[in-house]
Amino acid sequence: MKSNLLISLVICLFSILTVSAKSDFTADGIEYTILSDRENCVEVAIGYSYKGDLVVPVKVANEADGKEYTVVGIGVNAFSYTAGQLKSVALPSTLEYIADKAFRGARGLVSMEIPSGLQTIGESAFNGCTKLPAFTVAEGNKYFSAKDGVLFNKDQTKLLIYPMAKEGEEYTIPDGVTELEKNAFENVTLLKKIVFDKDLTVIGDYAFNNCNNLKTLDFSELNIKSLGVSAFHACKMLTELDFSKSTFPSVGKSLFYNNNNLVKLWLPATVTEFGEYAFNGLKSLEELHMQAEKPAQFTTVGSTFYPINNELTTLYVPKGCKDAYAADPAYAGFFKDIVEEDITTGIHAALSSAKAGITVSNGKIQFSSTAKNIHIYNMSGNEVLRLPAASVVNVSSLSKGVYVATAVVDGKSVSAKVCVGGF
């Protein structure tokens with residue numbers, strides 16, 4: 001009986017896979033699916049014999065129904081099963097989208113031009129293209145651009161995809177980039193160092209997943225406001241990560257999973273929660289610096305700091321907070337020692353190396369000279385005040401509590417905690 005049930009399940013699963021891979025017709029060796037929601041339009045479907053240099057036409061004829069169709073899309077997993085045989089694909093100007101995983105695992109692909117009409121690219125669309133050295137973008141595309149072979153959105157504020165075979169061990173992210181898209185550097189193994197633009201604030205899910213040769217990622221002067229899940233999963237060569245000036249609210253699921261050589265880690269005062277498996281695999285961690293006065297908690301019942309080595313790792317916390325951390329069940333017994341350290345709890349000094357003069361008096365923040373791009377965040381990472389420029393900022397109207405202020409003073413980025421109602 002169990003055997004028959006198993007056979008039935010296998011047949012059912014095979015049927016589902018067959019249906020999902022089924023195309024409506026074939027023309028010149030390319031499989032197509034007719035789109036039910038677009039009149040006389042098709043997308044390229046999964047094919048197992050695509051190889052060499054392929055040209056996808058603007059229009060294609062279906063002999064079975066005598067109709068001509070416009071090619072507007074590349075379907076899910078369309079070129080994922082080419083076993084390294086596909087070298088290049090010339091895409092038509094009519095193409096509007098490339099679906100999720102469309103070229104995933106197309107490890108023979110050596111060139112890719114984004115056509116002029118393309119509007120969207122799905123998740124992990126080019127993951128596993130191990131021989132792809134660069135992207136180019138056709139003239140007239142309104143949604144994408146390329147610089148030095150790296151794919152960006154049109155105004156180059158978002159880095160979308162770093163090609164896996166791009167030469168060089170170091171890469172500097174261009175000025176003006178504020179966001180790394182989901183999977184941006186995933187599985188890139190040639191890079192050892194990435195230099196970030198000061199404007200970077202968002203790092204997407206899996207952004208550096210499995211970048212197992214990366215040794216240097218310096219976030220110590222940046223304010224990362226959003227940090228995606230598994231962003232640093234399996235970055236096995238990193239030894240330090242410093243987010244002391246960031247304002248993201250949580251350490252996401254599997255964020256540092258299998259960072260085997262990470263020795264020092266700084267987390268910002270804004271962190272209130274930890275995701276499942278966030279610290280798993282940190283077997284070399286010697287220093288964990290928590291800047292929050294209230295101990296952050298795991299969001300999943302049963303999650304802990306295990307397997308952090310409690311004979312190796314020292315937990316550093318703000319002055320006056322040791323007892324609170326030591327008494328918290330989430331922390332007790334998981335660390336070699338808990339040590340208090342000086343962490344700025346007022347606005348009396350800048351945390352950055354710029355050492356710009358910042359003082360507070362009567363509910364006002366005063367900068368040594370006119371500050372620009374002033375932002376104030378609460379401990380959840382939400383912005384509560386923004387000013388383009390000022391030398392004095394009145395914060396007395398804010399609710400009592402701790403905030404983080406960031407600004408640019410004399411060309412230098414500075415940040416500090418602001419205690420409202422307890423100066």
# chains A, B, ... in the order shown; residues from 1 in each chain; ligands from 1

call {"tool": "residues_around", "arguments": {"residues": "Glu293 of chain A", "least_positions_apart": "3", "cutoff": "8 Å", "atoms": "only C-alpha atoms", "output": "count of residues only"}}
result
4

call {"tool": "closest_atom_pairs", "arguments": {"of": "segment 49-143 of chain A", "to": "segment 196-208 of chain A", "cutoff": "12 Å", "atoms": "only C-alpha atoms", "output": "tab-separated table"}}
result
residue	atom	partner	partner_atom	distance
A:Glu123	CA	A:Asp205	CA	10.8
A:Ser124	CA	A:Tyr206	CA	10.2
A:Asn127	CA	A:Tyr206	CA	11.6

call {"tool": "write_last_selection", "arguments": {"atoms": "N, CA and C atoms", "output": "PDB file, in the first residue's frame"}}
result
ATOM      1  N   GLU A 123      14.456  37.296 -10.047  1.00  0.00           N
ATOM      2  CA  GLU A 123      15.391  36.884  -9.017  1.00  0.00           C
ATOM      3  C   GLU A 123      16.306  35.760  -9.504  1.00  0.00           C
ATOM      4  N   SER A 124      17.585  35.889  -9.207  1.00  0.00           N
ATOM      5  CA  SER A 124      18.603  34.876  -9.557  1.00  0.00           C
ATOM      6  C   SER A 124      18.598  34.544 -11.045  1.00  0.00           C
ATOM      7  N   ASN A 127      22.269  33.839 -11.904  1.00  0.00           N
ATOM      8  CA  ASN A 127      23.082  33.152 -10.916  1.00  0.00           C
ATOM      9  C   ASN A 127      23.658  31.866 -11.502  1.00  0.00           C
TER      10      ASN A 127
END

call {"tool": "closest_atom_pairs", "arguments": {"of": "segment 98-202 of chain A", "to": "segment 32-48 of chain A", "cutoff": "12 Å", "atoms": "only C-alpha atoms", "output": "JSON lines"}}
result
{"residue": "A:Ile98", "atom": "CA", "partner": "A:Glu43", "partner_atom": "CA", "distance": 9.3}
{"residue": "A:Ala99", "atom": "CA", "partner": "A:Glu43", "partner_atom": "CA", "distance": 9.7}
{"residue": "A:Lys101", "atom": "CA", "partner": "A:Ile46", "partner_atom": "CA", "distance": 11.0}
{"residue": "A:Ala102", "atom": "CA", "partner": "A:Ile46", "partner_atom": "CA", "distance": 8.7}
{"residue": "A:Phe103", "atom": "CA", "partner": "A:Ile46", "partner_atom": "CA", "distance": 10.2}
{"residue": "A:Arg104", "atom": "CA", "partner": "A:Ile46", "partner_atom": "CA", "distance": 11.8}
{"residue": "A:Ala106", "atom": "CA", "partner": "A:Tyr48", "partner_atom": "CA", "distance": 11.3}

call {"tool": "write_last_selection", "arguments": {"atoms": "all heavy atoms", "output": "PDB file, in the first residue's frame"}}
result
ATOM      1  N   ILE A  98      12.771  39.290 -18.190  1.00  0.00           N
ATOM      2  CA  ILE A  98      13.516  38.050 -18.017  1.00  0.00           C
ATOM      3  C   ILE A  98      13.071  37.505 -16.666  1.00  0.00           C
ATOM      4  O   ILE A  98      13.252  38.159 -15.637  1.00  0.00           O
ATOM      5  CB  ILE A  98      15.034  38.286 -18.042  1.00  0.00           C
ATOM      6  CG1 ILE A  98      15.469  38.782 -19.424  1.00  0.00           C
ATOM      7  CG2 ILE A  98      15.790  37.007 -17.679  1.00  0.00           C
ATOM      8  CD1 ILE A  98      16.940  39.164 -19.506  1.00  0.00           C
ATOM      9  N   ALA A  99      12.470  36.334 -16.642  1.00  0.00           N
ATOM     10  CA  ALA A  99      11.849  35.797 -15.433  1.00  0.00           C
ATOM     11  C   ALA A  99      12.880  35.215 -14.462  1.00  0.00           C
ATOM     12  O   ALA A  99      14.080  35.100 -14.775  1.00  0.00           O
ATOM     13  CB  ALA A  99      10.817  34.734 -15.807  1.00  0.00           C
ATOM     14  N   LYS A 101      15.345  33.031 -12.476  1.00  0.00           N
ATOM     15  CA  LYS A 101      16.227  31.891 -12.783  1.00  0.00           C
ATOM     16  C   LYS A 101      16.302  31.578 -14.277  1.00  0.00           C
ATOM     17  O   LYS A 101      16.657  30.460 -14.661  1.00  0.00           O
ATOM     18  CB  LYS A 101      15.771  30.647 -12.011  1.00  0.00           C
ATOM     19  CG  LYS A 101      15.664  30.866 -10.510  1.00  0.00           C
ATOM     20  CD  LYS A 101      15.082  29.665  -9.788  1.00  0.00           C
ATOM     21  CE  LYS A 101      14.870  29.950  -8.313  1.00  0.00           C
ATOM     22  NZ  LYS A 101      14.242  28.814  -7.597  1.00  0.00           N
ATOM     23  N   ALA A 102      16.016  32.557 -15.111  1.00  0.00           N
ATOM     24  CA  ALA A 102      15.959  32.317 -16.559  1.00  0.00           C
ATOM     25  C   ALA A 102      17.262  31.754 -17.113  1.00  0.00           C
ATOM     26  O   ALA A 102      17.256  30.848 -17.953  1.00  0.00           O
ATOM     27  CB  ALA A 102      15.587  33.607 -17.288  1.00  0.00           C
ATOM     28  N   PHE A 103      18.401  32.277 -16.659  1.00  0.00           N
ATOM     29  CA  PHE A 103      19.711  31.806 -17.135  1.00  0.00           C
ATOM     30  C   PHE A 103      20.500  31.131 -16.011  1.00  0.00           C
ATOM     31  O   PHE A 103      21.703  30.909 -16.152  1.00  0.00           O
ATOM     32  CB  PHE A 103      20.528  32.977 -17.693  1.00  0.00           C
ATOM     33  CG  PHE A 103      19.962  33.570 -18.963  1.00  0.00           C
ATOM     34  CD1 PHE A 103      19.038  34.590 -18.916  1.00  0.00           C
ATOM     35  CD2 PHE A 103      20.361  33.089 -20.205  1.00  0.00           C
ATOM     36  CE1 PHE A 103      18.509  35.142 -20.073  1.00  0.00           C
ATOM     37  CE2 PHE A 103      19.842  33.638 -21.373  1.00  0.00           C
ATOM     38  CZ  PHE A 103      18.910  34.666 -21.307  1.00  0.00           C
ATOM     39  N   ARG A 104      19.840  30.829 -14.930  1.00  0.00           N
ATOM     40  CA  ARG A 104      20.538  30.261 -13.780  1.00  0.00           C
ATOM     41  C   ARG A 104      21.235  28.950 -14.165  1.00  0.00           C
ATOM     42  O   ARG A 104      20.626  28.043 -14.731  1.00  0.00           O
ATOM     43  CB  ARG A 104      19.561  29.991 -12.641  1.00  0.00           C
ATOM     44  CG  ARG A 104      20.242  29.505 -11.379  1.00  0.00           C
ATOM     45  CD  ARG A 104      19.259  29.376 -10.237  1.00  0.00           C
ATOM     46  NE  ARG A 104      19.923  29.021  -9.003  1.00  0.00           N
ATOM     47  CZ  ARG A 104      19.326  28.918  -7.823  1.00  0.00           C
ATOM     48  NH1 ARG A 104      18.036  29.146  -7.724  1.00  0.00           N
ATOM     49  NH2 ARG A 104      20.006  28.591  -6.754  1.00  0.00           N
ATOM     50  N   ALA A 106      23.500  28.611 -16.441  1.00  0.00           N
ATOM     51  CA  ALA A 106      23.972  28.589 -17.834  1.00  0.00           C
ATOM     52  C   ALA A 106      25.467  28.890 -17.821  1.00  0.00           C
ATOM     53  O   ALA A 106      25.917  29.984 -18.180  1.00  0.00           O
ATOM     54  CB  ALA A 106      23.202  29.606 -18.667  1.00  0.00           C
TER      55      ALA A 106
END

call {"tool": "residues_around", "arguments": {"residues": "Pro133 of chain A", "least_positions_apart": "4", "cutoff": "12 Å", "atoms": "only C-alpha atoms", "output": "short mmCIF file (atom, residue, chain, number, x, y, z; two decimals) with N, CA and C atoms, in the first residue's frame"}}
result
data_model
loop_
_atom_site.label_atom_id
_atom_site.label_comp_id
_atom_site.auth_asym_id
_atom_site.auth_seq_id
_atom_site.Cartn_x
_atom_site.Cartn_y
_atom_site.Cartn_z
N ARG A 107 26.23 27.92 -17.40
CA ARG A 107 27.65 28.15 -17.09
C ARG A 107 28.53 28.29 -18.32
N GLY A 108 27.97 28.14 -19.51
CA GLY A 108 28.75 28.38 -20.72
C GLY A 108 28.56 29.78 -21.29
N LEU A 109 27.63 30.55 -20.73
CA LEU A 109 27.29 31.87 -21.26
C LEU A 109 28.47 32.84 -21.08
N VAL A 110 28.91 33.43 -22.20
CA VAL A 110 30.08 34.32 -22.15
C VAL A 110 29.76 35.76 -22.51
N SER A 111 28.54 36.05 -22.93
CA SER A 111 28.17 37.44 -23.21
C SER A 111 26.68 37.64 -22.99
N MET A 112 26.31 38.88 -22.63
CA MET A 112 24.91 39.19 -22.42
C MET A 112 24.68 40.69 -22.61
N GLU A 113 23.86 41.02 -23.62
CA GLU A 113 23.43 42.40 -23.80
C GLU A 113 21.97 42.52 -23.41
N PHE A 126 20.60 35.34 -13.40
CA PHE A 126 21.91 35.02 -13.99
C PHE A 126 22.83 34.33 -12.98
N CYS A 129 26.09 31.79 -13.74
CA CYS A 129 26.71 32.04 -15.05
C CYS A 129 28.20 32.29 -14.81
N ASP A 148 31.45 49.41 -16.34
CA ASP A 148 32.55 48.45 -16.17
C ASP A 148 32.04 47.02 -16.11
N GLY A 149 30.99 46.74 -16.87
CA GLY A 149 30.46 45.38 -16.96
C GLY A 149 29.47 45.01 -15.88
N VAL A 150 29.27 45.88 -14.88
CA VAL A 150 28.34 45.62 -13.78
C VAL A 150 26.98 46.21 -14.13
N LEU A 151 25.91 45.48 -13.79
CA LEU A 151 24.56 45.91 -14.16
C LEU A 151 23.92 46.73 -13.04
N ILE A 161 23.46 43.38 -10.48
CA ILE A 161 24.17 42.11 -10.64
C ILE A 161 25.63 42.36 -10.97
N TYR A 162 26.50 41.76 -10.18
CA TYR A 162 27.93 41.76 -10.46
C TYR A 162 28.24 40.45 -11.17
N PRO A 163 28.75 40.50 -12.42
CA PRO A 163 28.98 39.26 -13.17
C PRO A 163 30.03 38.37 -12.54
N MET A 164 29.78 37.07 -12.54
CA MET A 164 30.62 36.13 -11.80
C MET A 164 32.04 36.02 -12.34
N ALA A 165 32.23 36.26 -13.64
CA ALA A 165 33.56 36.08 -14.23
C ALA A 165 34.27 37.41 -14.48
N LYS A 166 33.78 38.49 -13.90
CA LYS A 166 34.46 39.77 -14.06
C LYS A 166 35.84 39.70 -13.42
N GLU A 167 36.86 40.15 -14.16
CA GLU A 167 38.23 40.05 -13.69
C GLU A 167 38.51 41.07 -12.58
N GLY A 168 39.45 40.72 -11.73
CA GLY A 168 39.88 41.62 -10.66
C GLY A 168 39.51 41.10 -9.28
N VAL A 188 29.97 35.15 -6.20
CA VAL A 188 31.14 35.74 -6.85
C VAL A 188 32.38 35.33 -6.06
N LEU A 190 35.80 35.55 -7.29
CA LEU A 190 37.07 36.18 -7.66
C LEU A 190 37.40 37.37 -6.78
#

call {"tool": "select_by_dssp", "arguments": {"residues": "segment 77-189 of chain A", "states": "strand (DSSP E or B)", "output": "number ranges by chain"}}
result
A: 86-90, 97-98, 111-114, 120-121, 135-137, 144-147, 150-153, 158-161, 170-172, 179-180

call {"tool": "residues_around", "arguments": {"residues": "segment 22-31 of chain A", "least_positions_apart": "4", "cutoff": "9 Å", "atoms": "only C-alpha atoms", "output": "list in words"}}
result
Leu17, Thr18, Glu43, Val44, Ala45, Ile46, Gly47, Ser49, Tyr50, Leu54, Val56, Val60, Ala61, Asn62, Glu63, Ala64 and Ala78 of chain A

call {"tool": "write_last_selection", "arguments": {"atoms": "N, CA, C and O atoms", "output": "compact mmCIF listing (two decimals), in the first residue's frame"}}
result
# COMPACT_ATOMS: atom_id res chain seq x y z
N LEU A 17 5.92 18.61 -12.96
CA LEU A 17 7.13 19.11 -13.59
C LEU A 17 7.00 19.15 -15.10
O LEU A 17 7.45 20.08 -15.77
N THR A 18 6.35 18.11 -15.67
CA THR A 18 6.18 18.04 -17.11
C THR A 18 5.30 19.18 -17.61
O THR A 18 5.61 19.84 -18.60
N GLU A 43 6.58 33.81 -24.74
CA GLU A 43 7.84 33.86 -24.02
C GLU A 43 8.64 32.61 -24.38
O GLU A 43 8.07 31.57 -24.75
N VAL A 44 9.95 32.72 -24.28
CA VAL A 44 10.82 31.57 -24.52
C VAL A 44 10.65 30.60 -23.35
O VAL A 44 10.73 30.98 -22.18
N ALA A 45 10.40 29.33 -23.66
CA ALA A 45 10.15 28.31 -22.64
C ALA A 45 11.42 27.48 -22.40
O ALA A 45 12.43 27.63 -23.09
N ILE A 46 11.35 26.60 -21.40
CA ILE A 46 12.48 25.74 -21.07
C ILE A 46 12.87 24.87 -22.26
O ILE A 46 12.03 24.24 -22.91
N GLY A 47 14.15 24.84 -22.55
CA GLY A 47 14.68 23.98 -23.61
C GLY A 47 15.91 23.25 -23.12
O GLY A 47 16.70 23.81 -22.37
N SER A 49 18.09 21.60 -25.28
CA SER A 49 19.07 21.44 -26.35
C SER A 49 19.61 22.76 -26.86
O SER A 49 20.26 22.81 -27.89
N TYR A 50 19.35 23.85 -26.13
CA TYR A 50 19.90 25.14 -26.53
C TYR A 50 21.43 25.10 -26.43
O TYR A 50 21.98 24.69 -25.41
N LEU A 54 22.80 31.63 -29.85
CA LEU A 54 21.37 31.58 -30.14
C LEU A 54 20.84 32.98 -30.40
O LEU A 54 21.21 33.94 -29.71
N VAL A 56 17.29 34.99 -30.55
CA VAL A 56 15.85 34.98 -30.32
C VAL A 56 15.23 36.08 -31.18
O VAL A 56 15.59 37.25 -31.05
N VAL A 60 7.85 35.38 -34.26
CA VAL A 60 8.01 33.98 -34.59
C VAL A 60 6.67 33.42 -35.07
O VAL A 60 5.60 33.80 -34.56
N ALA A 61 6.73 32.56 -36.09
CA ALA A 61 5.51 31.98 -36.66
C ALA A 61 5.24 30.60 -36.06
O ALA A 61 6.17 29.80 -35.89
N ASN A 62 3.98 30.35 -35.75
CA ASN A 62 3.54 29.04 -35.26
C ASN A 62 2.81 28.34 -36.40
O ASN A 62 1.70 28.73 -36.77
N GLU A 63 3.43 27.31 -36.97
CA GLU A 63 2.84 26.62 -38.11
C GLU A 63 1.52 25.95 -37.76
O GLU A 63 0.64 25.81 -38.61
N ALA A 64 1.38 25.55 -36.48
CA ALA A 64 0.17 24.83 -36.08
C ALA A 64 -1.09 25.67 -36.18
O ALA A 64 -2.15 25.17 -36.56
N ALA A 78 14.23 29.14 -18.32
CA ALA A 78 14.26 28.87 -19.76
C ALA A 78 15.59 28.30 -20.24
O ALA A 78 15.62 27.34 -21.02

call {"tool": "residues_around", "arguments": {"residues": "Thr189 of chain A", "least_positions_apart": "4", "cutoff": "10 Å", "atoms": "only C-alpha atoms", "output": "list in words"}}
result
Thr130, Met164, Ala165, Lys166, Glu169, Phe185, Asn210, Cys211, Asn212, Asn213, Leu214 and Cys235 of chain A

call {"tool": "residues_around", "arguments": {"residues": "segment 237-250 of chain A", "least_positions_apart": "3", "cutoff": "6 Å", "atoms": "only C-alpha atoms", "output": "NGL selection string"}}
result
:A and (213-215 or 219-220 or 223-226 or 261-268 or 270-274 or 380-381)

call {"tool": "decode", "arguments": {"residues": "segment 226-249 of chain A", "atoms": "N, CA, C and O atoms", "output": "PDB file, in the first residue's frame"}}
result
ATOM      1  N   SER A 226      19.115  48.981   6.282  1.00  0.00           N
ATOM      2  CA  SER A 226      18.389  47.739   6.020  1.00  0.00           C
ATOM      3  C   SER A 226      19.375  46.671   5.579  1.00  0.00           C
ATOM      4  O   SER A 226      20.149  46.892   4.646  1.00  0.00           O
ATOM      5  N   LEU A 227      19.325  45.522   6.256  1.00  0.00           N
ATOM      6  CA  LEU A 227      20.269  44.436   5.983  1.00  0.00           C
ATOM      7  C   LEU A 227      19.488  43.146   5.801  1.00  0.00           C
ATOM      8  O   LEU A 227      18.819  42.686   6.720  1.00  0.00           O
ATOM      9  N   GLY A 228      19.541  42.561   4.611  1.00  0.00           N
ATOM     10  CA  GLY A 228      18.716  41.419   4.257  1.00  0.00           C
ATOM     11  C   GLY A 228      19.150  40.106   4.881  1.00  0.00           C
ATOM     12  O   GLY A 228      20.267  39.965   5.389  1.00  0.00           O
ATOM     13  N   VAL A 229      18.279  39.113   4.817  1.00  0.00           N
ATOM     14  CA  VAL A 229      18.575  37.791   5.371  1.00  0.00           C
ATOM     15  C   VAL A 229      19.693  37.129   4.579  1.00  0.00           C
ATOM     16  O   VAL A 229      19.845  37.348   3.377  1.00  0.00           O
ATOM     17  N   SER A 230      20.487  36.347   5.265  1.00  0.00           N
ATOM     18  CA  SER A 230      21.580  35.571   4.661  1.00  0.00           C
ATOM     19  C   SER A 230      22.534  36.421   3.820  1.00  0.00           C
ATOM     20  O   SER A 230      23.194  35.914   2.916  1.00  0.00           O
ATOM     21  N   ALA A 231      22.624  37.707   4.130  1.00  0.00           N
ATOM     22  CA  ALA A 231      23.434  38.610   3.320  1.00  0.00           C
ATOM     23  C   ALA A 231      24.899  38.207   3.272  1.00  0.00           C
ATOM     24  O   ALA A 231      25.569  38.390   2.249  1.00  0.00           O
ATOM     25  N   PHE A 232      25.423  37.646   4.377  1.00  0.00           N
ATOM     26  CA  PHE A 232      26.829  37.259   4.437  1.00  0.00           C
ATOM     27  C   PHE A 232      27.006  35.753   4.624  1.00  0.00           C
ATOM     28  O   PHE A 232      28.058  35.302   5.084  1.00  0.00           O
ATOM     29  N   HIS A 233      25.995  34.993   4.274  1.00  0.00           N
ATOM     30  CA  HIS A 233      26.047  33.538   4.420  1.00  0.00           C
ATOM     31  C   HIS A 233      27.266  32.958   3.697  1.00  0.00           C
ATOM     32  O   HIS A 233      27.518  33.241   2.531  1.00  0.00           O
ATOM     33  N   ALA A 234      28.058  32.174   4.425  1.00  0.00           N
ATOM     34  CA  ALA A 234      29.210  31.454   3.865  1.00  0.00           C
ATOM     35  C   ALA A 234      30.291  32.371   3.300  1.00  0.00           C
ATOM     36  O   ALA A 234      31.005  31.987   2.377  1.00  0.00           O
ATOM     37  N   CYS A 235      30.433  33.587   3.861  1.00  0.00           N
ATOM     38  CA  CYS A 235      31.588  34.427   3.529  1.00  0.00           C
ATOM     39  C   CYS A 235      32.728  33.993   4.444  1.00  0.00           C
ATOM     40  O   CYS A 235      32.992  34.610   5.489  1.00  0.00           O
ATOM     41  N   LYS A 236      33.394  32.943   4.065  1.00  0.00           N
ATOM     42  CA  LYS A 236      34.269  32.203   4.973  1.00  0.00           C
ATOM     43  C   LYS A 236      35.613  32.862   5.250  1.00  0.00           C
ATOM     44  O   LYS A 236      36.326  32.439   6.164  1.00  0.00           O
ATOM     45  N   MET A 237      35.978  33.894   4.473  1.00  0.00           N
ATOM     46  CA  MET A 237      37.284  34.515   4.667  1.00  0.00           C
ATOM     47  C   MET A 237      37.229  35.831   5.433  1.00  0.00           C
ATOM     48  O   MET A 237      38.262  36.389   5.779  1.00  0.00           O
ATOM     49  N   LEU A 238      36.042  36.345   5.729  1.00  0.00           N
ATOM     50  CA  LEU A 238      35.923  37.591   6.477  1.00  0.00           C
ATOM     51  C   LEU A 238      36.408  37.401   7.912  1.00  0.00           C
ATOM     52  O   LEU A 238      36.104  36.388   8.546  1.00  0.00           O
ATOM     53  N   THR A 239      37.131  38.391   8.425  1.00  0.00           N
ATOM     54  CA  THR A 239      37.605  38.320   9.807  1.00  0.00           C
ATOM     55  C   THR A 239      36.959  39.386  10.690  1.00  0.00           C
ATOM     56  O   THR A 239      36.904  39.211  11.909  1.00  0.00           O
ATOM     57  N   GLU A 240      36.483  40.490  10.090  1.00  0.00           N
ATOM     58  CA  GLU A 240      35.834  41.543  10.867  1.00  0.00           C
ATOM     59  C   GLU A 240      34.654  42.131  10.099  1.00  0.00           C
ATOM     60  O   GLU A 240      34.715  42.272   8.877  1.00  0.00           O
ATOM     61  N   LEU A 241      33.594  42.485  10.833  1.00  0.00           N
ATOM     62  CA  LEU A 241      32.471  43.235  10.287  1.00  0.00           C
ATOM     63  C   LEU A 241      32.062  44.259  11.329  1.00  0.00           C
ATOM     64  O   LEU A 241      31.720  43.900  12.463  1.00  0.00           O
ATOM     65  N   ASP A 242      32.093  45.535  10.942  1.00  0.00           N
ATOM     66  CA  ASP A 242      31.809  46.612  11.881  1.00  0.00           C
ATOM     67  C   ASP A 242      30.597  47.412  11.413  1.00  0.00           C
ATOM     68  O   ASP A 242      30.666  48.171  10.451  1.00  0.00           O
ATOM     69  N   PHE A 243      29.467  47.220  12.113  1.00  0.00           N
ATOM     70  CA  PHE A 243      28.234  47.959  11.818  1.00  0.00           C
ATOM     71  C   PHE A 243      27.898  48.934  12.942  1.00  0.00           C
ATOM     72  O   PHE A 243      26.733  49.249  13.171  1.00  0.00           O
ATOM     73  N   SER A 244      28.910  49.431  13.627  1.00  0.00           N
ATOM     74  CA  SER A 244      28.676  50.260  14.809  1.00  0.00           C
ATOM     75  C   SER A 244      27.943  51.556  14.490  1.00  0.00           C
ATOM     76  O   SER A 244      27.293  52.129  15.368  1.00  0.00           O
ATOM     77  N   LYS A 245      28.028  52.039  13.259  1.00  0.00           N
ATOM     78  CA  LYS A 245      27.362  53.295  12.907  1.00  0.00           C
ATOM     79  C   LYS A 245      26.081  53.085  12.110  1.00  0.00           C
ATOM     80  O   LYS A 245      25.481  54.042  11.630  1.00  0.00           O
ATOM     81  N   SER A 246      25.680  51.857  11.969  1.00  0.00           N
ATOM     82  CA  SER A 246      24.471  51.557  11.203  1.00  0.00           C
ATOM     83  C   SER A 246      23.229  51.682  12.085  1.00  0.00           C
ATOM     84  O   SER A 246      23.334  51.824  13.305  1.00  0.00           O
ATOM     85  N   THR A 247      22.061  51.600  11.439  1.00  0.00           N
ATOM     86  CA  THR A 247      20.804  51.743  12.182  1.00  0.00           C
ATOM     87  C   THR A 247      19.778  50.692  11.779  1.00  0.00           C
ATOM     88  O   THR A 247      18.576  50.917  11.905  1.00  0.00           O
ATOM     89  N   PHE A 248      20.236  49.536  11.285  1.00  0.00           N
ATOM     90  CA  PHE A 248      19.259  48.494  10.948  1.00  0.00           C
ATOM     91  C   PHE A 248      18.698  47.884  12.230  1.00  0.00           C
ATOM     92  O   PHE A 248      19.381  47.787  13.248  1.00  0.00           O
ATOM     93  N   PRO A 249      17.419  47.467  12.212  1.00  0.00           N
ATOM     94  CA  PRO A 249      16.745  47.041  13.438  1.00  0.00           C
ATOM     95  C   PRO A 249      16.914  45.575  13.813  1.00  0.00           C
ATOM     96  O   PRO A 249      16.612  45.188  14.943  1.00  0.00           O
TER      97      PRO A 249
END
